[in-house]
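> Encoded as structure tokens, here's the structure I'll be asking about.
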Amino acid sequence: MLLLKREQATEIEKHGEREFPNECCGLLIGRFDDDGRKTVVEIFPVENAKEELARHNRSLILPKDLLRGERYAREKKLDVVGNYHSHPDHPAVPSQFDLDHALPVWSYIIVSVLKGKAANLRSWEMEADRSKFNEEKIEKNAE
């Protein structure tokens, strides 16, 4: 389960709308809780580094941006617990590309942005054997 504040979900949706028709991307900064849940404390937007012609259906977080996010999280005594990206004019369902580039234990939020408006936000976790994603429940709290 992923614990996410409503304002964080809105922030991700707005990021997807601003970047439309391209994909947005960013990191989820938070903590791995003892009960197996992940709590998002902050959204950490990063620039989609994918080449211009592919940004409409691919996102890329450069290693330097991931390291910057990891350093930022460490300074706050937190971890990178996942990432997010948008799917412009497509469902909030991971692609084979998403699976091929995923890391175990992270949460993967995808926001579907249809005709420039955020439509659906879902989270996914990868199976330990890397064979597929399973949908992860999101608990949105008001805090």
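By order of appearance in the structure tokens: chains A, B, ..., then residues from 1 within every chain, and ligands from 1 in the order shown.
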Would you kindly return, as a PyMOL selection string, each protein, DNA or RNA residue with an atom no farther than 10 Å from any atom of Arg68 (chain A), considering only C-alpha atoms and excluding same-chain residues fewer than 5 positions away?

chain A and resi 44+46+62-63+73-74

> Next, the residues of the selection above should be written as an mmCIF file, in the first residue's frame with N, CA and C atoms.


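again_39.cif was written with the following content:
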data_model
loop_
_atom_site.group_PDB
_atom_site.id
_atom_site.type_symbol
_atom_site.label_atom_id
_atom_site.label_comp_id
_atom_site.auth_asym_id
_atom_site.auth_seq_id
_atom_site.Cartn_x
_atom_site.Cartn_y
_atom_site.Cartn_z
ATOM 1 N N PHE A 44 9.169 14.902 -5.907
ATOM 2 C CA PHE A 44 10.425 15.489 -6.375
ATOM 3 C C PHE A 44 10.426 15.472 -7.909
ATOM 4 N N VAL A 46 11.352 15.923 -11.738
ATOM 5 C CA VAL A 46 12.594 16.035 -12.506
ATOM 6 C C VAL A 46 12.230 16.212 -13.977
ATOM 7 N N LEU A 62 17.544 10.801 -15.674
ATOM 8 C CA LEU A 62 18.996 10.608 -15.782
ATOM 9 C C LEU A 62 19.576 10.165 -14.438
ATOM 10 N N PRO A 63 20.660 9.383 -14.467
ATOM 11 C CA PRO A 63 21.306 8.969 -13.220
ATOM 12 C C PRO A 63 21.669 10.155 -12.317
ATOM 13 N N ALA A 73 16.837 13.115 -0.404
ATOM 14 C CA ALA A 73 16.107 12.254 0.529
ATOM 15 C C ALA A 73 16.959 11.935 1.751
ATOM 16 N N ARG A 74 18.211 11.570 1.528
ATOM 17 C CA ARG A 74 19.120 11.242 2.637
ATOM 18 C C ARG A 74 19.288 12.404 3.605
#

> Considering only alpha helix (DSSP H) as DSSP defines it on the backbone, what residues of region 41-143 of chain A qualify? List them as a PyMOL selection string.

chain A and resi 63-75+96-100

> Write out as a list of chain:residue names the residues lying within 12 Å of Phe133 (chain A), counting only C-alpha atoms and excluding same-chain residues fewer than 5 positions away.

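Contacts, in chain order: A:Val93, A:Pro94, A:Ser95, A:Gln96, A:Phe97, A:Asp98, A:Leu99, A:Asp100, A:His101, A:Ala102, A:Leu103, A:Pro104, A:Val105, A:Trp106, A:Ser107, A:Tyr108, A:Ile109, A:Arg122, A:Ser123, A:Trp124, A:Glu125, A:Met126, A:Glu127, A:Ala128.
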
> Take the selection from the previous step and output its residues with C-alpha atoms, as a PDB file, in the first residue's frame.


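Okay, this is what ended up in selection17.pdb:
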ATOM      1  CA  VAL A  93      -1.358   1.193 -16.913  1.00  0.00           C
ATOM      2  CA  PRO A  94       2.344   0.309 -17.144  1.00  0.00           C
ATOM      3  CA  SER A  95       3.816  -0.510 -20.527  1.00  0.00           C
ATOM      4  CA  GLN A  96       6.398  -3.164 -21.312  1.00  0.00           C
ATOM      5  CA  PHE A  97       8.944  -0.307 -21.425  1.00  0.00           C
ATOM      6  CA  ASP A  98       7.913   0.638 -17.866  1.00  0.00           C
ATOM      7  CA  LEU A  99       8.400  -2.965 -16.723  1.00  0.00           C
ATOM      8  CA  ASP A 100      11.764  -3.270 -18.467  1.00  0.00           C
ATOM      9  CA  HIS A 101      13.072  -0.191 -16.628  1.00  0.00           C
ATOM     10  CA  ALA A 102      11.537  -0.744 -13.183  1.00  0.00           C
ATOM     11  CA  LEU A 103      13.327  -1.408  -9.922  1.00  0.00           C
ATOM     12  CA  PRO A 104      12.084  -3.872  -7.282  1.00  0.00           C
ATOM     13  CA  VAL A 105      10.371  -2.550  -4.110  1.00  0.00           C
ATOM     14  CA  TRP A 106       9.598   0.868  -5.601  1.00  0.00           C
ATOM     15  CA  SER A 107       6.094   2.166  -6.230  1.00  0.00           C
ATOM     16  CA  TYR A 108       5.301   3.397  -9.725  1.00  0.00           C
ATOM     17  CA  ILE A 109       2.566   6.007  -9.998  1.00  0.00           C
ATOM     18  CA  ARG A 122      -2.824   4.588 -10.171  1.00  0.00           C
ATOM     19  CA  SER A 123       0.164   2.966  -8.485  1.00  0.00           C
ATOM     20  CA  TRP A 124       1.949  -0.253  -9.382  1.00  0.00           C
ATOM     21  CA  GLU A 125       4.516  -2.599  -7.810  1.00  0.00           C
ATOM     22  CA  MET A 126       6.698  -4.988  -9.756  1.00  0.00           C
ATOM     23  CA  GLU A 127       6.690  -8.703  -8.998  1.00  0.00           C
ATOM     24  CA  ALA A 128       9.954  -9.878  -7.421  1.00  0.00           C
TER      25      ALA A 128
END

> Name the closest residue to Ile110 (chain A) among the candidates A:Thr10, A:Ser131, A:Ser86, A:Asn48; distances are taken between atoms, counting only C-alpha atoms.

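Of all the options, A:Ser86 lies closest to Ile110 (chain A).
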
> With a distance cut-off of 10 Å and only C-alpha atoms, select the neighbouring residues of Gln8 (chain A), excluding the residue or stretch itself and same-chain residues fewer than 4 positions from it, and output the selection as a ChimeraX atom specification.

/A:4,12-14,28,40-43,140-142

> Can you write out the residues you just picked, keeping N, CA and C atoms, as an mmCIF file, in the first residue's frame?


data_model
loop_
_atom_site.group_PDB
_atom_site.id
_atom_site.type_symbol
_atom_site.label_atom_id
_atom_site.label_comp_id
_atom_site.auth_asym_id
_atom_site.auth_seq_id
_atom_site.Cartn_x
_atom_site.Cartn_y
_atom_site.Cartn_z
ATOM 1 N N LEU A 4 -0.342 8.411 0.346
ATOM 2 C CA LEU A 4 -0.111 9.597 -0.463
ATOM 3 C C LEU A 4 -1.092 10.676 -0.034
ATOM 4 N N ILE A 12 1.120 15.765 -8.702
ATOM 5 C CA ILE A 12 1.501 14.867 -9.799
ATOM 6 C C ILE A 12 0.584 15.083 -11.002
ATOM 7 N N GLU A 13 -0.708 15.179 -10.743
ATOM 8 C CA GLU A 13 -1.669 15.402 -11.839
ATOM 9 C C GLU A 13 -1.376 16.714 -12.565
ATOM 10 N N LYS A 14 -1.121 17.781 -11.818
ATOM 11 C CA LYS A 14 -0.828 19.092 -12.419
ATOM 12 C C LYS A 14 0.470 19.056 -13.218
ATOM 13 N N LEU A 28 9.397 9.833 -5.882
ATOM 14 C CA LEU A 28 8.585 9.823 -4.670
ATOM 15 C C LEU A 28 9.544 9.711 -3.493
ATOM 16 N N VAL A 40 4.665 8.478 1.208
ATOM 17 C CA VAL A 40 5.263 9.558 0.434
ATOM 18 C C VAL A 40 5.232 10.816 1.288
ATOM 19 N N VAL A 41 6.384 11.439 1.435
ATOM 20 C CA VAL A 41 6.507 12.676 2.197
ATOM 21 C C VAL A 41 6.583 13.873 1.250
ATOM 22 N N GLU A 42 7.274 13.684 0.119
ATOM 23 C CA GLU A 42 7.429 14.761 -0.860
ATOM 24 C C GLU A 42 7.454 14.219 -2.271
ATOM 25 N N ILE A 43 6.990 15.051 -3.189
ATOM 26 C CA ILE A 43 7.105 14.791 -4.618
ATOM 27 C C ILE A 43 8.352 15.547 -5.088
ATOM 28 N N LYS A 140 -5.168 7.777 0.070
ATOM 29 C CA LYS A 140 -4.978 9.221 0.037
ATOM 30 C C LYS A 140 -5.543 9.815 1.305
ATOM 31 N N ASN A 141 -4.680 10.441 2.072
ATOM 32 C CA ASN A 141 -5.138 11.094 3.290
ATOM 33 C C ASN A 141 -5.097 12.600 3.091
ATOM 34 N N ALA A 142 -5.828 13.308 3.896
ATOM 35 C CA ALA A 142 -5.976 14.750 3.739
ATOM 36 C C ALA A 142 -4.810 15.537 4.309
#
